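As provided, entry.pdb (PDB, C-alpha atoms) reads as follows.
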```pdb
ATOM      1  CA  MET A 129     109.518 138.682 138.854
ATOM      2  CA  GLN A 130     106.415 140.647 139.828
ATOM      3  CA  ALA A 131     105.760 141.721 136.261
ATOM      4  CA  LYS A 132     102.745 139.423 135.883
ATOM      5  CA  GLN A 133     100.969 141.076 138.799
ATOM      6  CA  LEU A 134     101.364 144.596 137.457
ATOM      7  CA  SER A 135      98.289 145.858 135.726
ATOM      8  CA  ASP A 136      97.084 149.214 134.543
ATOM      9  CA  PHE A 137      93.484 150.190 134.098
ATOM     10  CA  ILE A 138      93.161 153.277 131.899
ATOM     11  CA  SER A 139      89.791 154.559 130.783
ATOM     12  CA  VAL A 140      88.564 157.666 128.962
ATOM     13  CA  GLN A 141      84.807 157.731 129.374
ATOM     14  CA  GLU A 142      81.674 159.864 129.566
ATOM     15  CA  ALA A 143      80.236 157.865 132.448
ATOM     16  CA  ASN A 144      80.828 158.765 136.075
ATOM     17  CA  PHE A 145      82.951 156.497 138.286
ATOM     18  CA  SER A 146      82.802 155.280 141.854
ATOM     19  CA  GLN A 147      85.829 155.986 144.006
ATOM     20  CA  ALA A 148      84.737 153.169 146.313
ATOM     21  CA  GLU A 149      84.747 150.653 143.466
ATOM     22  CA  GLU A 150      88.109 151.905 142.238
ATOM     23  CA  TYR A 151      89.544 151.544 145.738
ATOM     24  CA  LEU A 152      88.233 147.977 145.957
ATOM     25  CA  ALA A 153      89.823 147.160 142.593
ATOM     26  CA  LEU A 154      93.174 148.429 143.902
ATOM     27  CA  CYS A 155      92.795 146.295 147.078
ATOM     28  CA  ALA A 156      91.145 143.104 145.847
ATOM     29  CA  GLY A 157      93.451 140.140 146.358
ATOM     30  CA  ASN A 158      96.350 142.497 146.835
ATOM     31  CA  ARG A 159      98.523 141.134 149.640
ATOM     32  CA  GLN A 160     101.843 142.642 148.654
ATOM     33  CA  ASP A 161     101.019 146.334 148.957
ATOM     34  CA  GLY A 162     100.940 148.412 152.116
ATOM     35  CA  ALA A 163      99.740 151.632 150.517
ATOM     36  CA  ILE A 164      97.006 152.909 148.265
ATOM     37  CA  VAL A 165      96.951 156.584 147.289
ATOM     38  CA  SER A 166      94.180 158.034 145.185
ATOM     39  CA  PHE A 167      93.155 161.413 143.846
ATOM     40  CA  VAL A 168      89.788 162.629 142.554
ATOM     41  CA  GLY A 169      89.479 165.858 140.566
ATOM     42  CA  LEU A 170      86.139 167.716 140.620
ATOM     43  CA  VAL A 171      84.565 170.488 138.556
ATOM     44  CA  ARG A 172      84.879 173.724 140.575
ATOM     45  CA  ASP A 173      81.695 175.762 140.616
ATOM     46  CA  ILE A 174      83.528 179.077 140.578
ATOM     47  CA  ASN A 175      86.405 179.783 138.238
ATOM     48  CA  SER A 176      87.796 183.249 137.504
ATOM     49  CA  GLN A 177      85.044 184.875 139.596
ATOM     50  CA  HIS A 178      82.112 183.560 137.578
ATOM     51  CA  ARG A 179      79.839 180.704 138.483
ATOM     52  CA  VAL A 180      80.455 177.725 136.219
ATOM     53  CA  GLN A 181      77.173 176.302 134.914
ATOM     54  CA  LYS A 182      78.531 173.618 132.660
ATOM     55  CA  LEU A 183      81.851 172.223 131.551
ATOM     56  CA  THR A 184      82.539 170.411 128.304
ATOM     57  CA  LEU A 185      85.650 168.285 127.992
ATOM     58  CA  GLU A 186      86.988 167.771 124.488
ATOM     59  CA  HIS A 187      89.815 165.346 123.753
ATOM     60  CA  TYR A 188      91.868 163.894 120.887
ATOM     61  CA  PRO A 189      90.546 160.331 120.928
ATOM     62  CA  ALA A 190      93.370 158.685 118.973
ATOM     63  CA  MET A 191      95.991 160.216 121.268
ATOM     64  CA  THR A 192      94.361 160.368 124.688
ATOM     65  CA  GLU A 193      94.776 156.801 125.858
ATOM     66  CA  LYS A 194      98.217 156.571 124.254
ATOM     67  CA  SER A 195      99.450 159.613 126.195
ATOM     68  CA  LEU A 196      97.972 158.339 129.478
ATOM     69  CA  LYS A 197      99.666 154.954 128.981
ATOM     70  CA  LYS A 198     102.966 156.703 128.367
ATOM     71  CA  ILE A 199     102.639 158.713 131.585
ATOM     72  CA  VAL A 200     101.832 155.579 133.613
ATOM     73  CA  THR A 201     104.792 153.755 132.031
ATOM     74  CA  GLU A 202     107.063 156.641 133.047
ATOM     75  CA  ALA A 203     105.714 156.502 136.604
ATOM     76  CA  ARG A 204     106.489 152.777 136.681
ATOM     77  CA  SER A 205     110.053 153.452 135.550
ATOM     78  CA  LEU A 206     110.515 155.957 138.393
ATOM     79  CA  TRP A 207     108.920 154.092 141.323
ATOM     80  CA  PRO A 208     108.206 150.436 142.182
ATOM     81  CA  ILE A 209     104.418 150.756 142.101
ATOM     82  CA  SER A 210     101.989 147.872 141.658
ATOM     83  CA  ARG A 211      98.480 148.691 140.493
ATOM     84  CA  VAL A 212      97.477 151.850 138.656
ATOM     85  CA  ARG A 213      93.913 152.906 137.847
ATOM     86  CA  LEU A 214      93.371 156.071 135.828
ATOM     87  CA  ILE A 215      90.000 157.371 134.654
ATOM     88  CA  HIS A 216      89.348 160.639 132.847
ATOM     89  CA  ARG A 217      85.870 161.737 131.859
ATOM     90  CA  VAL A 218      84.972 163.585 128.658
ATOM     91  CA  GLY A 219      81.813 165.260 127.391
ATOM     92  CA  ALA A 220      79.417 167.485 129.318
ATOM     93  CA  LEU A 221      79.862 167.826 133.094
ATOM     94  CA  GLN A 222      78.117 169.901 135.760
ATOM     95  CA  ALA A 223      79.684 171.768 138.680
ATOM     96  CA  SER A 224      81.004 169.495 141.461
ATOM     97  CA  GLU A 225      80.970 166.401 139.259
ATOM     98  CA  GLN A 226      84.013 164.116 139.273
ATOM     99  CA  ILE A 227      86.383 164.526 136.305
ATOM    100  CA  VAL A 228      89.436 162.421 137.004
ATOM    101  CA  PHE A 229      90.571 159.520 139.184
ATOM    102  CA  VAL A 230      94.134 158.348 139.770
ATOM    103  CA  GLY A 231      94.798 155.422 142.108
ATOM    104  CA  VAL A 232      98.163 153.805 142.763
ATOM    105  CA  SER A 233      99.173 150.943 145.041
ATOM    106  CA  SER A 234     102.693 150.156 146.236
ATOM    107  CA  ARG A 235     104.473 148.316 149.014
ATOM    108  CA  HIS A 236     105.421 151.568 150.754
ATOM    109  CA  ARG A 237     103.452 154.814 150.879
ATOM    110  CA  GLY A 238     106.180 157.175 149.593
ATOM    111  CA  HIS A 239     106.190 155.591 146.153
ATOM    112  CA  ALA A 240     102.386 155.614 145.827
ATOM    113  CA  PHE A 241     102.152 159.258 146.964
ATOM    114  CA  GLN A 242     104.801 160.381 144.502
ATOM    115  CA  ALA A 243     103.588 158.307 141.565
ATOM    116  CA  CYS A 244      99.996 159.518 142.042
ATOM    117  CA  GLU A 245     101.075 163.165 142.077
ATOM    118  CA  PHE A 246     103.452 162.633 139.149
ATOM    119  CA  ILE A 247     100.677 161.073 137.040
ATOM    120  CA  MET A 248      98.320 163.992 137.783
ATOM    121  CA  ASP A 249     100.991 166.627 137.117
ATOM    122  CA  GLN A 250     101.934 165.047 133.789
ATOM    123  CA  LEU A 251      98.289 164.533 132.792
ATOM    124  CA  LYS A 252      97.597 168.227 133.396
ATOM    125  CA  THR A 253     100.281 169.268 130.905
ATOM    126  CA  ARG A 254     100.591 166.412 128.390
ATOM    127  CA  ALA A 255      97.278 164.573 127.959
ATOM    128  CA  PRO A 256      95.146 166.052 125.144
ATOM    129  CA  PHE A 257      92.066 167.264 127.045
ATOM    130  CA  TRP A 258      90.556 170.757 126.820
ATOM    131  CA  LYS A 259      87.897 172.307 129.025
ATOM    132  CA  LYS A 260      85.256 174.701 127.780
ATOM    133  CA  GLU A 261      83.325 176.473 130.546
ATOM    134  CA  GLN A 262      79.880 177.957 130.409
ATOM    135  CA  ASP A 263      79.304 180.514 133.181
ATOM    136  CA  ASP A 264      76.590 183.159 133.846
ATOM    137  CA  LYS A 265      78.242 185.396 131.230
ATOM    138  CA  ASP A 266      79.552 183.356 128.346
ATOM    139  CA  GLU A 267      81.195 180.216 127.073
ATOM    140  CA  HIS A 268      84.987 180.147 126.881
ATOM    141  CA  TRP A 269      87.967 177.804 126.681
ATOM    142  CA  VAL A 270      89.871 177.413 129.926
ATOM    143  CA  GLN A 271      93.421 178.724 129.516
ATOM    144  CA  ALA A 272      96.392 176.597 130.560
ATOM    145  CA  ASN A 273      97.846 177.434 133.926
ATOM    146  CA  GLN A 274     101.529 178.385 134.239
ATOM    147  CA  GLN A 275     101.712 176.830 137.708
ATOM    148  CA  ASP A 276     100.690 173.465 136.252
ATOM    149  CA  GLN A 277     103.538 173.729 133.739
ATOM    150  CA  GLN A 278     106.048 174.500 136.473
ATOM    151  CA  LYS A 279     104.762 171.711 138.677
ATOM    152  CA  ALA A 280     105.068 169.152 135.859
ATOM    153  CA  ARG A 281     108.600 170.345 135.105
ATOM    154  CA  GLN A 282     109.711 169.834 138.711
ATOM    155  CA  TRP A 283     109.641 166.084 138.086
ATOM    156  CA  LEU A 284     112.382 166.481 135.483
ATOM    157  CA  LEU A 285     114.822 167.347 138.248
ATOM    158  CA  LYS A 286     117.546 164.876 139.168
ATOM    159  CA  PRO A 287     116.433 161.929 141.354
ATOM    160  CA  GLU A 288     118.258 163.321 144.403
ATOM    161  CA  ASP A 289     116.241 166.542 144.069
ATOM    162  CA  LEU A 290     113.004 164.576 144.062
ATOM    163  CA  SER A 291     113.477 163.862 147.765
ATOM    164  CA  MET A 292     111.917 167.283 148.379
ATOM    165  CA  PHE A 293     108.576 165.775 147.334
ATOM    166  CA  MET A 294     108.763 162.918 149.852
TER
ATOM    167  CA  MET B 121      99.674 163.099 101.970
ATOM    168  CA  ILE B 122      99.820 164.524 105.461
ATOM    169  CA  GLU B 123      96.671 164.890 107.510
ATOM    170  CA  VAL B 124      96.619 167.862 109.866
ATOM    171  CA  LEU B 125      94.080 167.989 112.709
ATOM    172  CA  PHE B 126      93.120 170.913 114.930
ATOM    173  CA  PHE B 127      91.507 170.714 118.348
ATOM    174  CA  ALA B 128      89.609 172.868 120.832
ATOM    175  CA  GLN B 129      90.103 176.639 120.640
ATOM    176  CA  LEU B 130      92.584 176.259 117.793
ATOM    177  CA  ARG B 131      90.010 174.351 115.716
ATOM    178  CA  GLU B 132      87.528 177.187 116.221
ATOM    179  CA  GLN B 133      90.114 179.877 115.429
ATOM    180  CA  MET B 134      91.387 178.104 112.317
ATOM    181  CA  GLY B 135      87.879 177.309 111.114
ATOM    182  CA  HIS B 136      89.089 173.824 110.195
ATOM    183  CA  GLU B 137      88.846 170.485 111.894
ATOM    184  CA  LYS B 138      91.343 168.946 109.498
ATOM    185  CA  LEU B 139      93.374 169.647 106.375
ATOM    186  CA  ALA B 140      94.872 167.169 103.909
ATOM    187  CA  LEU B 141      98.173 168.423 102.454
ATOM    188  CA  GLN B 142      99.857 166.884  99.426
ATOM    189  CA  ASN B 143     103.144 168.745  99.973
ATOM    190  CA  ALA B 144     106.203 167.086 101.484
ATOM    191  CA  PHE B 145     107.766 168.651 104.578
ATOM    192  CA  ALA B 146     111.157 167.826 106.050
ATOM    193  CA  ASP B 147     109.978 168.284 109.596
ATOM    194  CA  LEU B 148     107.175 169.602 111.753
ATOM    195  CA  GLY B 149     108.740 173.062 111.805
ATOM    196  CA  ALA B 150     108.553 173.263 107.983
ATOM    197  CA  LEU B 151     104.871 172.309 108.040
ATOM    198  CA  ARG B 152     104.198 174.826 110.797
ATOM    199  CA  GLN B 153     105.926 177.598 108.811
ATOM    200  CA  TYR B 154     103.956 176.647 105.682
ATOM    201  CA  LEU B 155     100.636 176.867 107.528
ATOM    202  CA  MET B 156     101.590 180.078 109.348
ATOM    203  CA  ALA B 157     102.268 181.701 105.969
ATOM    204  CA  GLN B 158      98.751 180.907 104.655
ATOM    205  CA  HIS B 159      96.819 183.529 106.654
ATOM    206  CA  ARG B 160      97.881 186.468 108.749
ATOM    207  CA  GLU B 161      95.924 185.193 111.779
ATOM    208  CA  TRP B 162      97.356 181.698 111.483
ATOM    209  CA  GLN B 163     100.785 183.163 112.158
ATOM    210  CA  ASP B 164      99.641 183.879 115.668
ATOM    211  CA  TYR B 165      97.398 180.871 116.273
ATOM    212  CA  LEU B 166     100.016 178.328 115.227
ATOM    213  CA  SER B 167     103.074 179.925 116.807
ATOM    214  CA  PRO B 168     104.928 177.509 119.112
ATOM    215  CA  ALA B 169     104.164 179.892 121.983
ATOM    216  CA  HIS B 170     100.407 179.322 121.584
ATOM    217  CA  SER B 171     100.143 175.750 120.380
ATOM    218  CA  LEU B 172     101.409 172.248 120.987
ATOM    219  CA  ALA B 173     101.884 169.699 118.234
ATOM    220  CA  ALA B 174     101.701 165.936 117.988
ATOM    221  CA  VAL B 175     102.881 163.643 115.205
ATOM    222  CA  ASN B 176     101.199 160.238 115.087
ATOM    223  CA  GLN B 177      99.612 161.015 118.474
ATOM    224  CA  CYS B 178     102.882 161.807 120.314
ATOM    225  CA  LEU B 179     103.854 165.291 121.513
ATOM    226  CA  VAL B 180     106.936 166.426 119.575
ATOM    227  CA  ASP B 181     108.928 169.573 118.844
ATOM    228  CA  ASP B 182     109.574 171.285 115.515
ATOM    229  CA  ASN B 183     112.631 169.141 114.721
ATOM    230  CA  HIS B 184     110.532 166.007 114.435
ATOM    231  CA  PRO B 185     110.812 164.605 110.860
ATOM    232  CA  LEU B 186     107.623 164.183 108.805
ATOM    233  CA  HIS B 187     106.769 161.390 106.393
ATOM    234  CA  ALA B 188     103.895 160.792 103.990
ATOM    235  CA  GLY B 189     100.967 159.279 105.864
ATOM    236  CA  ASP B 190     101.784 160.990 109.171
ATOM    237  CA  GLU B 191      98.937 162.351 111.259
ATOM    238  CA  VAL B 192      99.843 165.786 112.585
ATOM    239  CA  ALA B 193      97.768 167.637 115.178
ATOM    240  CA  PHE B 194      97.991 171.193 116.475
ATOM    241  CA  PHE B 195      96.205 172.196 119.656
ATOM    242  CA  PRO B 196      96.302 174.701 122.517
ATOM    243  CA  PRO B 197      98.122 173.909 125.763
ATOM    244  CA  VAL B 198      96.044 171.183 127.434
ATOM    245  CA  THR B 199      93.651 171.829 130.328
ATOM    246  CA  GLY B 200      92.435 168.419 131.497
ATOM    247  CA  GLY B 201      92.418 166.933 134.972
TER
END
```
For this file, produce the structure as structure tokens.
Amino acid sequence: MQAKQLSDFISVQEANFSQAEEYLALCAGNRQDGAIVSFVGLVRDINSQHRVQKLTLEHYPAMTEKSLKKIVTEARSLWPISRVRLIHRVGALQASEQIVFVGVSSRHRGHAFQACEFIMDQLKTRAPFWKKEQDDKDEHWVQANQQDQQKARQWLLKPEDLSMFM
Amino acid sequence: MIEVLFFAQLREQMGHEKLALQNAFADLGALRQYLMAQHREWQDYLSPAHSLAAVNQCLVDDNHPLHAGDEVAFFPPVTGG
């Protein structure tokens, strides 16, 4: 019944984004939703004790958007959310630049909070992006983080267990 | 033919961006074993503990069947976001 109003915006791009514009796009003409939750990921300037000078984000173009769509579809099957906007940047980035945006709207805040976190957690472990860091010493590939794996797996728990994330 | 792509650190380690294989493989595991047997280092690089795999742009495990024309990709655990 609300299916026509549901829309996803998914973009993999080199260009920066404006959180303000993304917020407006989640709000514009949206009378049904009482909650908007968004997340912005930034390039940290210090990682593993060295100052990051530059970050390069590689991806698997044919798969990237497909995997992001799948994650958003899964979020929709878990919570009654309305609008979803997901942007991930690729290419060369400097310290403190924005990398990723996830914005979700829903009637009630619990669903938007959970769906936003779910999308980020799944993206961290399933979307084909890889970071290469250049610091004062050398250039190296960032290694996957075990905590991210565990966090993504928590969502596979039974629905009644998910209440711990409310 | 099966096209095999490599990304990020794995691409650099393998020294290949892509390979075109004429062989037929029952499943992803068979292809992985075939590649791992080609070079001593590849054994390590391509082990399921160090790499993820996608068939036709979807993450899958070694039991996933392969067909001619499939696009297979191996890559390290992802680090986006």
Apply the PyMOL selection byres ((chain A and resi 261) around 8) to the displayed file and report the matching residues as a compact mmCIF listing (two decimals) with C-alpha atoms, in the coordinates of the input.
```txt
# COMPACT_ATOMS: atom_id res chain seq x y z
CA VAL A 180 80.46 177.72 136.22
CA GLN A 181 77.17 176.30 134.91
CA LYS A 182 78.53 173.62 132.66
CA LEU A 183 81.85 172.22 131.55
CA THR A 184 82.54 170.41 128.30
CA LYS A 259 87.90 172.31 129.02
CA LYS A 260 85.26 174.70 127.78
CA GLN A 262 79.88 177.96 130.41
CA ASP A 263 79.30 180.51 133.18
CA GLU A 267 81.19 180.22 127.07
CA HIS A 268 84.99 180.15 126.88
CA TRP A 269 87.97 177.80 126.68
CA VAL A 270 89.87 177.41 129.93
```
The residues within 8 Å of (87.7, 164.3, 125.5), using all atoms listed in the file and the coordinates of the file, should be reported as a compact mmCIF listing (two decimals) with C-alpha atoms, keeping the file's coordinate frame; which are they?
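That gives us part.txt:
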```txt
# COMPACT_ATOMS: atom_id res chain seq x y z
CA VAL A 140 88.56 157.67 128.96
CA LEU A 185 85.65 168.28 127.99
CA GLU A 186 86.99 167.77 124.49
CA HIS A 187 89.82 165.35 123.75
CA TYR A 188 91.87 163.89 120.89
CA PRO A 189 90.55 160.33 120.93
CA THR A 192 94.36 160.37 124.69
CA ARG A 217 85.87 161.74 131.86
CA VAL A 218 84.97 163.58 128.66
CA GLY A 219 81.81 165.26 127.39
CA PRO A 256 95.15 166.05 125.14
CA PHE A 257 92.07 167.26 127.04
CA TRP A 258 90.56 170.76 126.82
```
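Here is the contact set of chain B against chain A, at 8 Å and counting all atoms listed in the file: Phe127, Ala128, Gln129, Gln177, Cys178, Leu179, Pro197, Val198, Thr199, Gly200 and Gly201 of chain B.
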Resolved residues for the PyMOL selection byres ((chain B and resi 162) around 12) as an MDAnalysis selection string: chainID B and resid 130:136 152:161 163:168 170:171 194
Might I get the box with edges along x, y and z of the file that holds all atoms of range 131-142 of chain B listed there, padded by 6 Å on every side, given as centre and edge lengths in Å to one decimal, as lines of an AutoDock Vina configuration file?
```
center_x = 93.7
center_y = 173.4
center_z = 107.8
size_x = 24.3
size_y = 25.0
size_z = 28.8
```
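Here CA of Ala173 in chain B stands at a distance of 10.9 Å from CA of Leu151 in chain B.
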Nearest residue to Leu125 in chain B from the set B:Ala144, B:Ala188, B:Ala150, B:Val175 (distances using only C-alpha atoms): B:Val175
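Picture a line from CA of Glu245 in chain A to CA of Arg179 in chain A; it runs 27.8 Å.
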So that I can check the surroundings of Leu206 in chain A, please list as a compact mmCIF listing (two decimals) with C-alpha atoms, in the frame of the given file every protein, DNA and RNA residue that reaches within 10 Å of it, counting all atoms listed in the file and ignoring chain neighbours fewer than 6 positions away.
```txt
# COMPACT_ATOMS: atom_id res chain seq x y z
CA VAL A 200 101.83 155.58 133.61
CA HIS A 239 106.19 155.59 146.15
CA GLN A 242 104.80 160.38 144.50
CA ALA A 243 103.59 158.31 141.56
CA PHE A 246 103.45 162.63 139.15
CA PRO A 287 116.43 161.93 141.35
```
Limit the output to N, CA and C atoms and give range 246-264 of chain A as a PDB file, in the first residue's frame.
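Output file out.pdb is given in full below:
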```pdb
ATOM      1  N   PHE A 246      22.287  -1.391  10.930  1.00  0.00           N
ATOM      2  CA  PHE A 246      22.355  -2.652  10.185  1.00  0.00           C
ATOM      3  C   PHE A 246      23.026  -2.440   8.827  1.00  0.00           C
ATOM      4  N   ILE A 247      22.592  -1.394   8.110  1.00  0.00           N
ATOM      5  CA  ILE A 247      23.144  -1.129   6.774  1.00  0.00           C
ATOM      6  C   ILE A 247      24.651  -0.876   6.876  1.00  0.00           C
ATOM      7  N   MET A 248      25.073  -0.067   7.860  1.00  0.00           N
ATOM      8  CA  MET A 248      26.510   0.193   8.019  1.00  0.00           C
ATOM      9  C   MET A 248      27.276  -1.082   8.362  1.00  0.00           C
ATOM     10  N   ASP A 249      26.739  -1.858   9.309  1.00  0.00           N
ATOM     11  CA  ASP A 249      27.430  -3.084   9.733  1.00  0.00           C
ATOM     12  C   ASP A 249      27.578  -4.070   8.581  1.00  0.00           C
ATOM     13  N   GLN A 250      26.547  -4.178   7.752  1.00  0.00           N
ATOM     14  CA  GLN A 250      26.613  -5.116   6.625  1.00  0.00           C
ATOM     15  C   GLN A 250      27.561  -4.580   5.554  1.00  0.00           C
ATOM     16  N   LEU A 251      27.491  -3.268   5.317  1.00  0.00           N
ATOM     17  CA  LEU A 251      28.380  -2.642   4.322  1.00  0.00           C
ATOM     18  C   LEU A 251      29.847  -2.885   4.673  1.00  0.00           C
ATOM     19  N   LYS A 252      30.152  -2.777   5.970  1.00  0.00           N
ATOM     20  CA  LYS A 252      31.543  -2.941   6.419  1.00  0.00           C
ATOM     21  C   LYS A 252      32.096  -4.334   6.136  1.00  0.00           C
ATOM     22  N   THR A 253      31.214  -5.326   6.038  1.00  0.00           N
ATOM     23  CA  THR A 253      31.691  -6.708   5.890  1.00  0.00           C
ATOM     24  C   THR A 253      31.324  -7.357   4.562  1.00  0.00           C
ATOM     25  N   ARG A 254      30.428  -6.740   3.791  1.00  0.00           N
ATOM     26  CA  ARG A 254      29.945  -7.404   2.566  1.00  0.00           C
ATOM     27  C   ARG A 254      30.091  -6.592   1.283  1.00  0.00           C
ATOM     28  N   ALA A 255      30.224  -5.269   1.390  1.00  0.00           N
ATOM     29  CA  ALA A 255      30.313  -4.469   0.161  1.00  0.00           C
ATOM     30  C   ALA A 255      31.778  -4.412  -0.283  1.00  0.00           C
ATOM     31  N   PRO A 256      32.033  -4.634  -1.595  1.00  0.00           N
ATOM     32  CA  PRO A 256      33.414  -4.785  -2.062  1.00  0.00           C
ATOM     33  C   PRO A 256      34.176  -3.458  -2.211  1.00  0.00           C
ATOM     34  N   PHE A 257      34.589  -2.921  -1.049  1.00  0.00           N
ATOM     35  CA  PHE A 257      35.453  -1.736  -1.004  1.00  0.00           C
ATOM     36  C   PHE A 257      36.722  -2.119  -0.239  1.00  0.00           C
ATOM     37  N   TRP A 258      37.850  -1.540  -0.665  1.00  0.00           N
ATOM     38  CA  TRP A 258      39.115  -1.780   0.053  1.00  0.00           C
ATOM     39  C   TRP A 258      39.864  -0.473   0.198  1.00  0.00           C
ATOM     40  N   LYS A 259      40.386  -0.242   1.397  1.00  0.00           N
ATOM     41  CA  LYS A 259      41.121   0.997   1.666  1.00  0.00           C
ATOM     42  C   LYS A 259      42.620   0.752   1.638  1.00  0.00           C
ATOM     43  N   LYS A 260      43.327   1.652   0.944  1.00  0.00           N
ATOM     44  CA  LYS A 260      44.778   1.635   0.973  1.00  0.00           C
ATOM     45  C   LYS A 260      45.221   2.955   1.600  1.00  0.00           C
ATOM     46  N   GLU A 261      45.998   2.875   2.675  1.00  0.00           N
ATOM     47  CA  GLU A 261      46.423   4.075   3.393  1.00  0.00           C
ATOM     48  C   GLU A 261      47.860   4.427   3.086  1.00  0.00           C
ATOM     49  N   GLN A 262      48.083   5.723   2.972  1.00  0.00           N
ATOM     50  CA  GLN A 262      49.451   6.225   2.846  1.00  0.00           C
ATOM     51  C   GLN A 262      49.710   7.025   4.119  1.00  0.00           C
ATOM     52  N   ASP A 263      50.678   6.574   4.939  1.00  0.00           N
ATOM     53  CA  ASP A 263      51.022   7.362   6.131  1.00  0.00           C
ATOM     54  C   ASP A 263      52.449   7.871   6.018  1.00  0.00           C
ATOM     55  N   ASP A 264      53.017   8.435   7.122  1.00  0.00           N
ATOM     56  CA  ASP A 264      54.375   9.006   7.054  1.00  0.00           C
ATOM     57  C   ASP A 264      55.401   7.938   6.645  1.00  0.00           C
TER      58      ASP A 264
END
```
